[in-house]
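A.B. asks: The structure file model.txt (compact mmCIF, C-alpha atoms and all ligand atoms) is provided below.
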# COMPACT_ATOMS: atom_id res chain seq x y z
CA MET N 428 -17.48 22.55 11.49
CA SER N 429 -15.54 19.33 11.12
CA LYS N 430 -13.20 18.96 8.17
CA VAL N 431 -14.28 16.72 5.29
CA ALA N 432 -11.95 14.20 3.66
CA LEU N 433 -12.54 12.04 0.60
CA ILE N 434 -10.53 8.83 0.28
CA THR N 435 -10.31 6.76 -2.90
CA GLY N 436 -9.21 3.22 -2.02
CA ILE N 437 -10.79 3.43 1.45
CA THR N 438 -11.37 -0.35 1.49
CA GLY N 439 -7.63 -1.08 1.13
CA GLN N 440 -4.95 -1.44 3.79
CA ASP N 441 -3.95 2.25 3.89
CA GLY N 442 -7.45 3.59 3.27
CA SER N 443 -8.79 1.80 6.33
CA TYR N 444 -6.03 3.07 8.65
CA LEU N 445 -6.31 6.57 7.22
CA ALA N 446 -10.11 6.64 7.68
CA GLU N 447 -9.68 5.52 11.30
CA PHE N 448 -6.97 8.16 11.89
CA LEU N 449 -9.04 11.00 10.38
CA ILE N 450 -12.22 10.06 12.24
CA GLU N 451 -10.19 10.10 15.44
CA LYS N 452 -9.12 13.65 14.52
CA GLY N 453 -12.78 14.70 14.16
CA TYR N 454 -13.08 14.56 10.36
CA THR N 455 -16.10 13.39 8.44
CA VAL N 456 -14.66 10.81 6.08
CA HIS N 457 -16.15 9.96 2.70
CA GLY N 458 -14.88 6.95 0.81
CA ILE N 459 -15.23 5.64 -2.72
CA VAL N 460 -16.06 1.94 -2.76
CA ARG N 461 -16.15 -0.29 -5.84
CA ARG N 462 -19.19 -2.42 -6.38
CA ALA N 463 -18.13 -6.07 -5.98
CA SER N 464 -20.06 -9.34 -6.12
CA ASN N 465 -18.93 -10.05 -2.58
CA PHE N 466 -18.26 -7.80 0.42
CA ASN N 467 -15.08 -5.74 -0.01
CA THR N 468 -15.57 -3.55 3.08
CA GLN N 469 -14.13 -5.93 5.72
CA ARG N 470 -11.33 -3.51 6.66
CA ILE N 471 -13.73 -0.62 7.35
CA GLU N 472 -16.77 -2.44 8.81
CA HIS N 473 -15.91 -1.21 12.30
CA LEU N 474 -16.12 2.40 11.15
CA TYR N 475 -19.82 2.30 10.30
CA ALA N 476 -22.08 3.74 13.04
CA ASP N 477 -23.84 0.36 13.01
CA ARG N 478 -21.87 -2.35 11.27
CA ALA N 479 -24.81 -4.74 11.00
CA THR N 480 -26.85 -2.31 8.88
CA HIS N 481 -23.94 -0.23 7.48
CA LYS N 482 -25.57 2.82 9.04
CA GLU N 483 -23.39 5.84 8.32
CA GLY N 484 -21.87 8.03 11.02
CA SER N 485 -18.49 9.72 10.65
CA MET N 486 -17.81 7.55 7.60
CA VAL N 487 -19.92 7.79 4.46
CA CYS N 488 -19.35 5.48 1.48
CA HIS N 489 -20.17 6.15 -2.17
CA TYR N 490 -20.10 3.66 -5.01
CA GLY N 491 -17.54 4.72 -7.59
CA ASP N 492 -14.58 3.71 -9.71
CA ILE N 493 -11.65 5.68 -11.05
CA VAL N 494 -11.41 3.79 -14.37
CA LYS N 495 -11.99 5.76 -17.54
CA THR N 496 -15.43 4.31 -18.21
CA ASP N 497 -16.93 6.25 -15.30
CA SER N 498 -15.24 9.61 -14.78
CA SER N 499 -18.63 11.32 -14.31
CA CYS N 500 -19.05 9.50 -10.98
CA LEU N 501 -16.00 11.33 -9.61
CA VAL N 502 -17.46 14.73 -10.50
CA LYS N 503 -20.81 13.78 -8.91
CA ILE N 504 -19.19 12.56 -5.69
CA ILE N 505 -16.83 15.54 -5.32
CA ASN N 506 -19.62 17.98 -6.04
CA LYS N 507 -21.78 16.38 -3.39
CA VAL N 508 -19.08 15.92 -0.75
CA ARG N 509 -17.19 19.26 -1.27
CA PRO N 510 -14.08 17.85 0.47
CA ASP N 511 -11.32 19.87 2.15
CA GLU N 512 -8.82 17.05 1.58
CA VAL N 513 -8.69 14.33 -1.09
CA TYR N 514 -6.47 11.27 -0.63
CA ASN N 515 -5.99 9.29 -3.84
CA LEU N 516 -5.10 5.80 -2.64
CA ALA N 517 -7.07 3.77 -5.22
CA ALA N 518 -4.85 1.57 -7.33
CA GLN N 519 -4.26 -1.85 -8.81
CA SER N 520 -1.41 -2.06 -6.34
CA HIS N 521 0.19 -5.45 -7.07
CA VAL N 522 3.43 -5.08 -9.01
CA GLN N 523 3.50 -8.61 -10.46
CA VAL N 524 -0.17 -8.45 -11.49
CA SER N 525 0.58 -5.22 -13.37
CA PHE N 526 2.60 -7.23 -15.92
CA ASP N 527 -0.56 -9.23 -16.72
CA LEU N 528 -2.97 -6.28 -16.49
CA ALA N 529 -0.69 -3.58 -17.91
CA GLU N 530 -3.31 -1.49 -19.73
CA TYR N 531 -5.81 -1.69 -16.88
CA THR N 532 -3.08 -0.69 -14.40
CA ALA N 533 -2.13 2.30 -16.59
CA ASP N 534 -5.77 3.35 -16.62
CA VAL N 535 -6.41 3.10 -12.87
CA ASP N 536 -2.96 3.98 -11.47
CA GLY N 537 -2.02 6.51 -14.15
CA THR N 538 -4.85 8.35 -15.86
CA GLY N 539 -7.15 7.68 -12.87
CA THR N 540 -5.18 10.37 -11.02
CA LEU N 541 -5.68 12.80 -13.90
CA ARG N 542 -9.44 12.13 -13.85
CA LEU N 543 -9.58 12.86 -10.14
CA LEU N 544 -7.58 16.08 -10.46
CA ASP N 545 -9.79 17.18 -13.35
CA ALA N 546 -12.92 16.38 -11.35
CA ILE N 547 -11.65 18.69 -8.59
CA ARG N 548 -11.19 21.46 -11.19
CA THR N 549 -14.57 20.78 -12.81
CA CYS N 550 -16.16 21.31 -9.38
CA GLY N 551 -14.24 24.60 -9.01
CA LEU N 552 -12.40 23.36 -5.90
CA GLU N 553 -8.80 23.66 -7.11
CA LYS N 554 -8.08 26.64 -4.88
CA SER N 555 -9.47 25.08 -1.69
CA VAL N 556 -8.87 21.30 -1.89
CA ARG N 557 -5.66 19.70 -0.64
CA PHE N 558 -4.76 16.63 -2.70
CA TYR N 559 -2.58 13.66 -1.72
CA GLN N 560 -1.23 11.26 -4.35
CA ALA N 561 -0.07 7.80 -3.27
CA SER N 562 3.28 7.68 -5.03
CA THR N 563 5.70 4.86 -4.45
CA SER N 564 9.32 3.80 -4.03
CA GLU N 565 8.70 1.44 -6.99
CA MET N 566 9.25 4.53 -9.18
CA TYR N 567 12.99 4.31 -8.32
CA GLY N 568 13.06 0.78 -9.79
CA ARG N 569 16.61 0.16 -11.00
CA VAL N 570 17.98 2.52 -8.41
CA GLN N 571 20.20 5.41 -9.46
CA GLU N 572 21.52 6.22 -5.96
CA VAL N 573 21.46 4.83 -2.41
CA PRO N 574 19.55 5.77 -0.31
CA GLN N 575 16.69 7.13 -2.40
CA SER N 576 15.36 10.61 -1.61
CA GLU N 577 13.00 13.15 -3.19
CA THR N 578 15.73 14.11 -5.69
CA THR N 579 16.70 10.59 -6.84
CA PRO N 580 15.82 10.04 -10.54
CA PHE N 581 13.09 7.50 -11.37
CA TYR N 582 13.70 4.32 -13.38
CA PRO N 583 10.43 2.34 -13.21
CA ARG N 584 10.63 -1.45 -13.72
CA SER N 585 6.97 -2.49 -14.08
CA PRO N 586 3.73 -1.29 -15.70
CA TYR N 587 2.63 -0.42 -12.14
CA ALA N 588 5.65 1.81 -11.55
CA CYS N 589 5.36 3.41 -15.02
CA ALA N 590 1.73 4.33 -14.30
CA LYS N 591 2.70 5.73 -10.90
CA VAL N 592 5.43 7.88 -12.48
CA TYR N 593 2.73 9.41 -14.72
CA SER N 594 0.60 10.13 -11.64
CA TYR N 595 3.56 11.64 -9.83
CA TRP N 596 4.21 14.10 -12.65
CA ILE N 597 0.56 14.98 -13.35
CA THR N 598 0.24 15.83 -9.65
CA VAL N 599 3.30 18.10 -9.86
CA ASN N 600 1.99 19.56 -13.12
CA TYR N 601 -1.45 20.44 -11.71
CA ARG N 602 0.23 22.03 -8.71
CA GLU N 603 2.41 24.18 -10.96
CA SER N 604 -0.26 24.88 -13.60
CA TYR N 605 -3.35 25.56 -11.50
CA GLY N 606 -1.97 26.32 -8.05
CA ILE N 607 -3.71 23.29 -6.53
CA PHE N 608 -2.27 22.18 -3.16
CA ALA N 609 -1.25 18.77 -4.52
CA VAL N 610 1.48 16.58 -3.02
CA ASN N 611 3.17 13.25 -3.65
CA GLY N 612 3.93 10.96 -0.76
CA ILE N 613 6.68 8.66 -2.05
CA LEU N 614 6.07 5.81 0.34
CA PHE N 615 8.33 2.82 0.75
CA ASN N 616 6.75 -0.58 1.54
CA HIS N 617 4.46 -0.54 4.53
CA GLU N 618 2.72 -3.57 5.94
CA SER N 619 0.31 -4.53 8.72
CA PRO N 620 -2.15 -7.22 9.76
CA ARG N 621 -4.46 -5.63 7.15
CA ARG N 622 -1.99 -6.15 4.27
CA GLY N 623 -3.45 -7.99 1.26
CA TYR N 624 -2.71 -11.75 1.26
CA ALA N 625 -0.79 -11.63 -2.05
CA PHE N 626 2.00 -9.31 -0.83
CA VAL N 627 5.09 -11.10 0.38
CA THR N 628 5.08 -10.20 4.09
CA ARG N 629 1.44 -11.18 4.58
CA LYS N 630 1.80 -14.28 2.43
CA VAL N 631 4.63 -15.35 4.74
CA THR N 632 3.04 -14.42 8.09
CA ARG N 633 -0.25 -16.10 7.08
CA GLY N 634 1.68 -19.17 5.92
CA VAL N 635 3.69 -19.26 9.15
CA ALA N 636 0.45 -19.08 11.15
CA LYS N 637 -1.01 -21.99 9.19
CA ILE N 638 2.18 -24.04 9.58
CA SER N 639 2.25 -23.41 13.34
CA LEU N 640 -1.32 -24.74 13.63
CA GLY N 641 -0.62 -27.76 11.41
CA LEU N 642 -2.90 -26.45 8.63
CA GLN N 643 -0.20 -26.20 5.95
CA LYS N 644 3.27 -27.68 5.36
CA SER N 645 5.15 -25.07 3.35
CA ILE N 646 5.03 -21.68 1.61
CA SER N 647 5.91 -21.15 -2.08
CA LEU N 648 7.77 -17.96 -2.93
CA GLY N 649 9.79 -16.29 -5.72
CA ASN N 650 12.86 -14.08 -5.38
CA LEU N 651 14.27 -14.19 -1.84
CA ASP N 652 17.16 -11.82 -2.47
CA SER N 653 15.43 -8.51 -3.15
CA THR N 654 15.52 -6.07 -0.25
CA ARG N 655 12.85 -3.63 0.88
CA ASP N 656 12.51 -0.77 3.36
CA TRP N 657 9.58 -2.10 5.39
CA GLY N 658 7.53 0.02 7.83
CA HIS N 659 4.10 -0.13 9.50
CA ALA N 660 1.09 1.22 7.56
CA LYS N 661 -0.36 2.82 10.67
CA ASP N 662 2.71 5.08 11.00
CA TYR N 663 2.62 6.00 7.31
CA VAL N 664 -0.99 7.26 7.16
CA GLU N 665 -0.10 9.88 9.75
CA GLY N 666 2.63 11.07 7.37
CA MET N 667 0.05 11.40 4.57
CA TRP N 668 -2.08 13.66 6.75
CA LEU N 669 0.92 15.72 7.90
CA MET N 670 1.80 16.45 4.26
CA LEU N 671 -1.63 18.05 3.76
CA GLN N 672 -1.30 20.16 6.94
CA ALA N 673 1.98 21.77 5.82
CA GLU N 674 2.12 25.43 4.88
CA LYS N 675 3.21 24.75 1.31
CA PRO N 676 2.65 21.75 -0.99
CA ASN N 677 5.75 19.57 -1.19
CA ASP N 678 6.70 15.97 -2.09
CA PHE N 679 8.04 13.69 0.64
CA VAL N 680 9.66 10.28 1.04
CA LEU N 681 8.33 8.19 3.94
CA ALA N 682 10.61 5.30 4.86
CA THR N 683 12.37 3.71 7.83
CA GLY N 684 15.92 4.15 6.48
CA LYS N 685 16.66 0.40 6.86
CA THR N 686 16.58 -2.30 4.21
CA ILE N 687 15.99 -6.03 4.77
CA SER N 688 15.89 -8.97 2.33
CA VAL N 689 12.85 -11.14 1.72
CA ARG N 690 14.98 -14.06 2.99
CA THR N 691 15.65 -12.33 6.34
CA MET N 692 11.96 -11.41 6.63
CA VAL N 693 11.06 -15.11 6.17
CA GLU N 694 13.57 -16.16 8.85
CA GLU N 695 12.20 -13.54 11.23
CA ALA N 696 8.58 -14.64 10.70
CA PHE N 697 9.47 -18.27 11.49
CA ARG N 698 11.48 -17.20 14.53
CA ASN N 699 8.17 -16.06 16.03
CA ILE N 700 7.00 -19.70 16.13
CA ASN N 701 10.39 -20.91 17.34
CA VAL N 702 11.45 -22.35 14.01
CA THR N 703 14.94 -21.73 12.64
CA ILE N 704 15.12 -21.80 8.86
CA THR N 705 18.29 -22.94 7.11
CA TRP N 706 18.73 -22.81 3.33
CA LYS N 707 19.86 -25.52 0.94
CA GLY N 708 20.12 -25.76 -2.87
CA GLN N 709 20.20 -22.94 -5.39
CA GLY N 710 17.87 -21.08 -7.75
CA LEU N 711 14.54 -22.84 -8.29
CA ASP N 712 15.88 -25.83 -6.31
CA GLU N 713 16.50 -23.79 -3.19
CA GLU N 714 14.52 -24.76 -0.10
CA GLY N 715 14.04 -23.36 3.39
CA ILE N 716 14.38 -26.17 5.92
CA ASP N 717 13.21 -26.37 9.53
CA ALA N 718 16.60 -26.86 11.24
CA LYS N 719 15.07 -29.03 14.01
CA THR N 720 12.77 -31.37 12.05
CA GLY N 721 14.37 -31.26 8.58
CA GLU N 722 10.98 -30.50 7.00
CA THR N 723 10.78 -28.20 3.96
CA ARG N 724 9.02 -24.97 4.86
CA ILE N 725 9.91 -22.73 1.88
CA ARG N 726 9.70 -23.81 -1.76
CA ILE N 727 10.70 -21.66 -4.71
CA GLU N 728 8.40 -21.44 -7.73
CA ALA N 729 9.15 -19.78 -11.07
CA LYS N 730 5.66 -18.26 -11.29
CA PHE N 731 6.39 -15.89 -8.40
CA PHE N 732 9.36 -14.26 -10.16
CA ARG N 733 8.74 -11.00 -12.05
CA PRO N 734 9.79 -10.26 -15.66
CA ALA N 735 11.82 -7.34 -14.23
CA GLU N 736 12.70 -7.05 -10.56
CA VAL N 737 13.40 -4.11 -8.27
CA ASP N 738 16.43 -5.50 -6.46
CA ALA N 739 16.97 -3.14 -3.53
CA LEU N 740 15.16 -0.17 -2.02
CA LEU N 741 16.28 2.00 0.85
CA GLY N 742 14.59 5.30 1.62
CA ASP N 743 15.98 8.50 3.08
CA PRO N 744 13.19 10.08 5.19
CA THR N 745 15.27 13.11 6.30
CA LYS N 746 13.04 15.71 4.62
CA ALA N 747 9.86 14.35 6.26
CA LYS N 748 11.56 14.36 9.64
CA LYS N 749 12.85 17.89 9.21
CA LEU N 750 9.76 19.58 7.75
CA LEU N 751 6.90 17.43 9.09
CA GLY N 752 8.39 16.02 12.28
CA TRP N 753 7.45 12.56 10.94
CA GLU N 754 9.36 9.36 11.55
CA ALA N 755 8.58 5.64 11.40
CA LYS N 756 7.82 4.40 14.92
CA THR N 757 7.49 0.64 14.45
CA GLY N 758 10.61 -1.47 14.02
CA PHE N 759 10.79 -4.37 11.56
CA LYS N 760 10.83 -7.15 14.19
CA ASP N 761 7.79 -5.70 15.99
CA LEU N 762 5.95 -5.37 12.69
CA ILE N 763 6.50 -9.03 11.73
CA LYS N 764 5.66 -10.21 15.27
CA GLU N 765 2.37 -8.28 15.20
CA MET N 766 1.48 -9.78 11.83
CA VAL N 767 2.35 -13.37 12.82
CA GLU N 768 0.46 -13.11 16.13
CA HIS N 769 -2.55 -11.58 14.39
CA ASP N 770 -2.60 -14.33 11.76
CA ILE N 771 -2.33 -17.11 14.34
CA GLU N 772 -5.37 -15.70 16.19
CA MET N 773 -7.22 -15.30 12.89
CA MET N 774 -6.52 -18.95 11.90
CA LYS N 775 -7.57 -20.23 15.30
CA LYS N 776 -10.97 -18.59 14.80
CA ASP N 777 -11.30 -19.62 11.16
CA PRO N 778 -8.80 -22.12 9.69
CA ASN N 779 -10.03 -21.21 6.19
CA ALA N 780 -9.29 -17.48 6.58
P1 LIG R 801 -4.51 -1.96 -1.44
O1 LIG R 801 -4.32 -2.83 -2.64
O2 LIG R 801 -4.68 -2.59 -0.10
O3 LIG R 801 -5.80 -1.02 -1.69
C1 LIG R 801 -6.08 -0.48 -2.94
C2 LIG R 801 -7.42 0.22 -2.87
O4 LIG R 801 -7.75 0.74 -4.17
C3 LIG R 801 -8.59 -0.71 -2.50
O5 LIG R 801 -9.51 0.00 -1.74
C4 LIG R 801 -9.19 -1.04 -3.88
O6 LIG R 801 -10.53 -1.43 -3.81
C5 LIG R 801 -9.05 0.31 -4.53
N1 LIG R 801 -9.16 0.27 -5.99
C6 LIG R 801 -8.49 -0.53 -6.85
N2 LIG R 801 -8.89 -0.28 -8.11
C7 LIG R 801 -9.82 0.70 -8.04
C8 LIG R 801 -10.62 1.38 -9.00
N3 LIG R 801 -10.53 1.10 -10.29
N4 LIG R 801 -11.48 2.34 -8.58
C9 LIG R 801 -11.59 2.63 -7.26
N5 LIG R 801 -10.89 2.00 -6.30
C10 LIG R 801 -10.00 1.05 -6.70
O7 LIG R 801 -3.30 -0.93 -1.43
P2 LIG R 801 -2.59 -0.19 -0.17
O8 LIG R 801 -3.63 0.23 0.78
O9 LIG R 801 -1.45 -1.01 0.27
O10 LIG R 801 -1.96 1.07 -0.90
C11 LIG R 801 -2.69 2.31 -1.04
C12 LIG R 801 -2.07 3.12 -2.16
O11 LIG R 801 -0.72 3.41 -1.85
C13 LIG R 801 -2.05 2.45 -3.52
O12 LIG R 801 -2.22 3.45 -4.50
C14 LIG R 801 -0.66 1.86 -3.62
O13 LIG R 801 -0.27 1.74 -4.97
C15 LIG R 801 0.14 2.93 -2.90
N6 LIG R 801 1.35 2.50 -2.22
C16 LIG R 801 1.32 1.46 -1.33
C17 LIG R 801 2.44 1.11 -0.65
C18 LIG R 801 2.46 -0.03 0.34
O14 LIG R 801 3.56 -0.48 0.69
N7 LIG R 801 1.32 -0.47 0.83
C19 LIG R 801 3.72 1.85 -0.84
C20 LIG R 801 3.61 2.95 -1.77
C21 LIG R 801 2.47 3.26 -2.43
P3 LIG R 801 -10.95 -3.00 -3.50
O15 LIG R 801 -10.86 -3.14 -2.00
O16 LIG R 801 -12.34 -3.05 -4.02
O17 LIG R 801 -9.97 -3.85 -4.22
P1 LIG R 802 6.37 -4.80 -3.80
O1 LIG R 802 5.77 -5.79 -2.71
O2 LIG R 802 6.48 -5.44 -5.14
O3 LIG R 802 7.62 -4.25 -3.21
O4 LIG R 802 5.23 -3.69 -3.92
P2 LIG R 802 5.61 -7.37 -2.68
O5 LIG R 802 5.34 -7.73 -1.28
O6 LIG R 802 4.64 -7.85 -3.72
O7 LIG R 802 7.06 -7.89 -3.13
C1 LIG R 802 8.23 -7.57 -2.38
C2 LIG R 802 9.38 -8.41 -2.88
O8 LIG R 802 9.16 -9.78 -2.54
C3 LIG R 802 9.48 -10.60 -3.66
N1 LIG R 802 8.75 -11.87 -3.58
C4 LIG R 802 7.42 -12.02 -3.64
N2 LIG R 802 6.43 -11.11 -3.74
C5 LIG R 802 5.14 -11.57 -3.75
N3 LIG R 802 4.12 -10.69 -3.79
N4 LIG R 802 4.84 -12.91 -3.67
C6 LIG R 802 5.82 -13.85 -3.59
O9 LIG R 802 5.53 -15.05 -3.54
C7 LIG R 802 7.16 -13.39 -3.55
N5 LIG R 802 8.37 -14.02 -3.44
C8 LIG R 802 9.30 -13.09 -3.45
C9 LIG R 802 9.10 -9.75 -4.86
O10 LIG R 802 9.69 -10.24 -6.04
C10 LIG R 802 9.59 -8.38 -4.41
O11 LIG R 802 10.94 -8.24 -4.69
C11 LIG R 802 4.57 -3.21 -2.76
C12 LIG R 802 3.14 -2.81 -3.17
O12 LIG R 802 2.42 -2.46 -2.02
C13 LIG R 802 3.16 -1.62 -4.11
O13 LIG R 802 1.81 -1.17 -4.33
C14 LIG R 802 3.97 -0.50 -3.47
O14 LIG R 802 4.02 0.61 -4.34
C15 LIG R 802 5.37 -0.98 -3.13
O15 LIG R 802 5.26 -2.09 -2.25
C16 LIG R 802 6.19 0.10 -2.45
Could you take the file, read its structure, and then write that structure out as structure tokens?
Ligand code: NDP
Ligand code: GDR
C.D. replies:
Amino acid sequence: MSKVALITGITGQDGSYLAEFLIEKGYTVHGIVRRASNFNTQRIEHLYADRATHKEGSMVCHYGDIVKTDSSCLVKIINKVRPDEVYNLAAQSHVQVSFDLAEYTADVDGTGTLRLLDAIRTCGLEKSVRFYQASTSEMYGRVQEVPQSETTPFYPRSPYACAKVYSYWITVNYRESYGIFAVNGILFNHESPRRGYAFVTRKVTRGVAKISLGLQKSISLGNLDSTRDWGHAKDYVEGMWLMLQAEKPNDFVLATGKTISVRTMVEEAFRNINVTITWKGQGLDEEGIDAKTGETRIRIEAKFFRPAEVDALLGDPTKAKKLLGWEAKTGFKDLIKEMVEHDIEMMKKDPNA
């Protein structure tokens, strides 16, 4: 009998790679999909048995939502699916947006996890299900030590991170209280050609693609000086799965162990289209200039700055390497190259993409 996995957030970047990975391993994958007025299944279309008709094969989708107004749907889905593994990836995952939608973010990213854990208990599956919670390096916020590991204290700097800290602890609490095999993956930033357009790497690689095809002149950004530990999403979903195959439930950091500034990431993305960026001015007047033509390619706009910033993140993945044999395979330059090349091809096919 093949194993059964349930993924919340299957339509997102990580959900789509994880579904692909698990199907490859022989799992039957069930996913929770939100009803939207337009298609939101682009990232998983290729996993339907027949994409034209959305005929189900190894992937089965269920309409659902983890907000508080519909917790009964979670019980119904879990009861029907009877999963061996549950991956909770659903979230309002944009840090800046969480300042505008603070209460909603707390509901989905915080108490949503509690609702899912309770649904597992309501269905009497707490002794058999293995549960993965998508925790995040954003919980370290104003960092208390460098690099950050599983023992570094949290200091969240956004409504998103505060909600995720709640989810982290409720996952630990249900593990300790009810013996559920529940783990936190504390993942540092991971990107890919499937990254949402509003995250900084994708915003830049998509902008670079447009600029290289003459479809756009410049990209507007916020803080260039924060640094992140950037890996490839495809590598990280394998780590999620490995955590659920371990003998005992445990929390793990997944990271590359290298940190790079937004500014350096921008320079690297442009290097892929043979443009060297030089910087002039300061603060909101700073600009990124094409060294050859003198044209402005990066503009700074106040609206892309956050009320509170996470200045620098650097993960220590030693525990994951030691206990799971996991390590990030894709280097930063290869990641950005793949994203730029993907976006150029995408724009060639559809300049409005
Ligand atoms: P995405 O934003 O790409 O995907 C989020 C997913 O959650 C989408 O499928 C979205 O559906 C779904 N979702 C949002 N709100 C709800 C809701 N109320 N009910 C049900 N589903 C919902 O995020 P990623 O794939 O990048 O990240 C996956 C998880 O990992 C998230 O929890 C994120 O916070 C966390 N994380 C991500 C990191 C990263 O660098 N990518 C690092 C650390 C943690 P829809 O498609 O309809 O919007
Ligand atoms: P992050 O990713 O906040 O780390 O959260 P994001 O790509 O949004 O920002 C990274 C850094 O870039 C700076 N920045 C900008 N960011 C965006 N989005 N848009 C801009 O125009 C811009 N200009 C500069 C930001 O200020 C920040 O310092 C991601 C999400 O996937 C979370 O869900 C996840 O938990 C963490 O990574 C780990």
A.B. asks: Please determine, counting all atoms listed in the file, which residue among N:Ala636, N:Ile716, N:Val664, N:Leu651 has the shortest atom-to-atom distance to Lys764 of chain N.
C.D. replies: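 Of the candidates, the smallest distance to Lys764 of chain N is held by N:Ala636.
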A.B. asks: Could you list, with a cut-off of 10 Å and counting only C-alpha atoms, the residues of segment 579-630 of chain N near segment 682-698 of chain N, each shown with its nearest atom pair and the distance in Å rounded to one decimal, rows sorted by chain and ascending number, as a Markdown table?
C.D. replies:
| residue | atom | partner | partner_atom | distance |
| --- | --- | --- | --- | --- |
| N:Ile613 | CA | N:Ala682 | CA | 8.6 |
| N:Leu614 | CA | N:Ala682 | CA | 6.4 |
| N:Phe615 | CA | N:Ala682 | CA | 5.3 |
| N:Asn616 | CA | N:Ala682 | CA | 7.8 |
| N:His617 | CA | N:Ala682 | CA | 8.5 |
| N:Val627 | CA | N:Val689 | CA | 7.9 |
| N:Thr628 | CA | N:Met692 | CA | 7.4 |
A.B. asks: Around all of ligand LIG 802 (chain R)'s listed atoms, make the axis-aligned box with 8 Å on each side and tell me centre and edge lengths in Å to one decimal, as JSON.
C.D. replies:
{"center_x": 6.4, "center_y": -7.2, "center_z": -3.7, "size_x": 25.1, "size_y": 31.7, "size_z": 20.8}
A.B. asks: In terms of the shortest atom-to-atom distance over all atoms listed in the file, which of N:Thr703, N:His521, N:Thr563, N:His481 is closest to Gly721 of chain N?
C.D. replies: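 Of all the options, N:Thr703 lies closest to Gly721 of chain N.
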A.B. asks: Please give me, as a ChimeraX atom specification, the residues lying within 9 Å of ligand LIG 802 (chain R) when counting all atoms listed in the file.
C.D. replies: /N:518-523,561-566,587-588,591,613-618,622-631,646-657,688-690,727-728,730-733,735-740
A.B. asks: Would you list the contacts of Phe608 of chain N as a list in words, taking every protein, DNA or RNA residue within 10 Å and counting only C-alpha atoms, but skipping same-chain residues closer than 5 positions in sequence?
C.D. replies: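 Contacts, in chain order: Glu512, Glu553, Lys554, Ser555, Val556, Arg557, Phe558, Tyr559, Thr598, Val599, Tyr601, Arg602, Glu603, Leu671, Ala673, Glu674, Lys675, Pro676 and Asn677 of chain N.
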A.B. asks: Tell me which of N:Pro734, N:Gly442, N:Pro744, N:Gly453 sits closest to ligand LIG 801 (chain R), counting only C-alpha atoms and all ligand atoms.
C.D. replies: N:Gly442
A.B. asks: Tell me, in Å to one decimal, how far atom N2 of ligand LIG 801 (chain R) is from atom CA of Ser585 of chain N.
C.D. replies: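 Rounded to one decimal, the two atoms are 17.1 Å apart.
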A.B. asks: Work out how far atom CA of Arg461 of chain N is from atom CA of Ala590 of chain N, in Å to one decimal.
C.D. replies: 20.3 Å
A.B. asks: Mind completing segment 477-488 of chain N with N, CA and C atoms? Output as a PDB file, keeping the file's coordinate frame, please?
C.D. replies:
ATOM      1  N   ASP N 477     -23.311   1.675  12.638  1.00  0.00           N
ATOM      2  CA  ASP N 477     -23.840   0.360  13.010  1.00  0.00           C
ATOM      3  C   ASP N 477     -23.378  -0.614  11.930  1.00  0.00           C
ATOM      4  N   ARG N 478     -22.458  -1.505  12.304  1.00  0.00           N
ATOM      5  CA  ARG N 478     -21.870  -2.350  11.270  1.00  0.00           C
ATOM      6  C   ARG N 478     -22.857  -3.352  10.689  1.00  0.00           C
ATOM      7  N   ALA N 479     -23.854  -3.752  11.495  1.00  0.00           N
ATOM      8  CA  ALA N 479     -24.810  -4.740  11.000  1.00  0.00           C
ATOM      9  C   ALA N 479     -25.628  -4.175   9.831  1.00  0.00           C
ATOM     10  N   THR N 480     -25.986  -2.907   9.928  1.00  0.00           N
ATOM     11  CA  THR N 480     -26.850  -2.310   8.880  1.00  0.00           C
ATOM     12  C   THR N 480     -26.079  -1.349   7.975  1.00  0.00           C
ATOM     13  N   HIS N 481     -24.774  -1.201   8.213  1.00  0.00           N
ATOM     14  CA  HIS N 481     -23.940  -0.230   7.480  1.00  0.00           C
ATOM     15  C   HIS N 481     -24.494   1.190   7.601  1.00  0.00           C
ATOM     16  N   LYS N 482     -25.067   1.470   8.789  1.00  0.00           N
ATOM     17  CA  LYS N 482     -25.570   2.820   9.040  1.00  0.00           C
ATOM     18  C   LYS N 482     -24.371   3.780   9.085  1.00  0.00           C
ATOM     19  N   GLU N 483     -24.527   4.920   8.407  1.00  0.00           N
ATOM     20  CA  GLU N 483     -23.390   5.840   8.320  1.00  0.00           C
ATOM     21  C   GLU N 483     -23.313   6.791   9.509  1.00  0.00           C
ATOM     22  N   GLY N 484     -22.094   7.068   9.948  1.00  0.00           N
ATOM     23  CA  GLY N 484     -21.870   8.030  11.020  1.00  0.00           C
ATOM     24  C   GLY N 484     -20.807   8.997  10.545  1.00  0.00           C
ATOM     25  N   SER N 485     -19.589   8.864  11.101  1.00  0.00           N
ATOM     26  CA  SER N 485     -18.490   9.720  10.650  1.00  0.00           C
ATOM     27  C   SER N 485     -17.904   9.250   9.333  1.00  0.00           C
ATOM     28  N   MET N 486     -18.298   8.041   8.898  1.00  0.00           N
ATOM     29  CA  MET N 486     -17.810   7.550   7.600  1.00  0.00           C
ATOM     30  C   MET N 486     -18.993   7.331   6.654  1.00  0.00           C
ATOM     31  N   VAL N 487     -18.863   7.898   5.467  1.00  0.00           N
ATOM     32  CA  VAL N 487     -19.920   7.790   4.460  1.00  0.00           C
ATOM     33  C   VAL N 487     -19.317   7.193   3.196  1.00  0.00           C
ATOM     34  N   CYS N 488     -19.916   6.120   2.678  1.00  0.00           N
ATOM     35  CA  CYS N 488     -19.350   5.480   1.480  1.00  0.00           C
ATOM     36  C   CYS N 488     -20.189   5.754   0.245  1.00  0.00           C
TER      37      CYS N 488
END
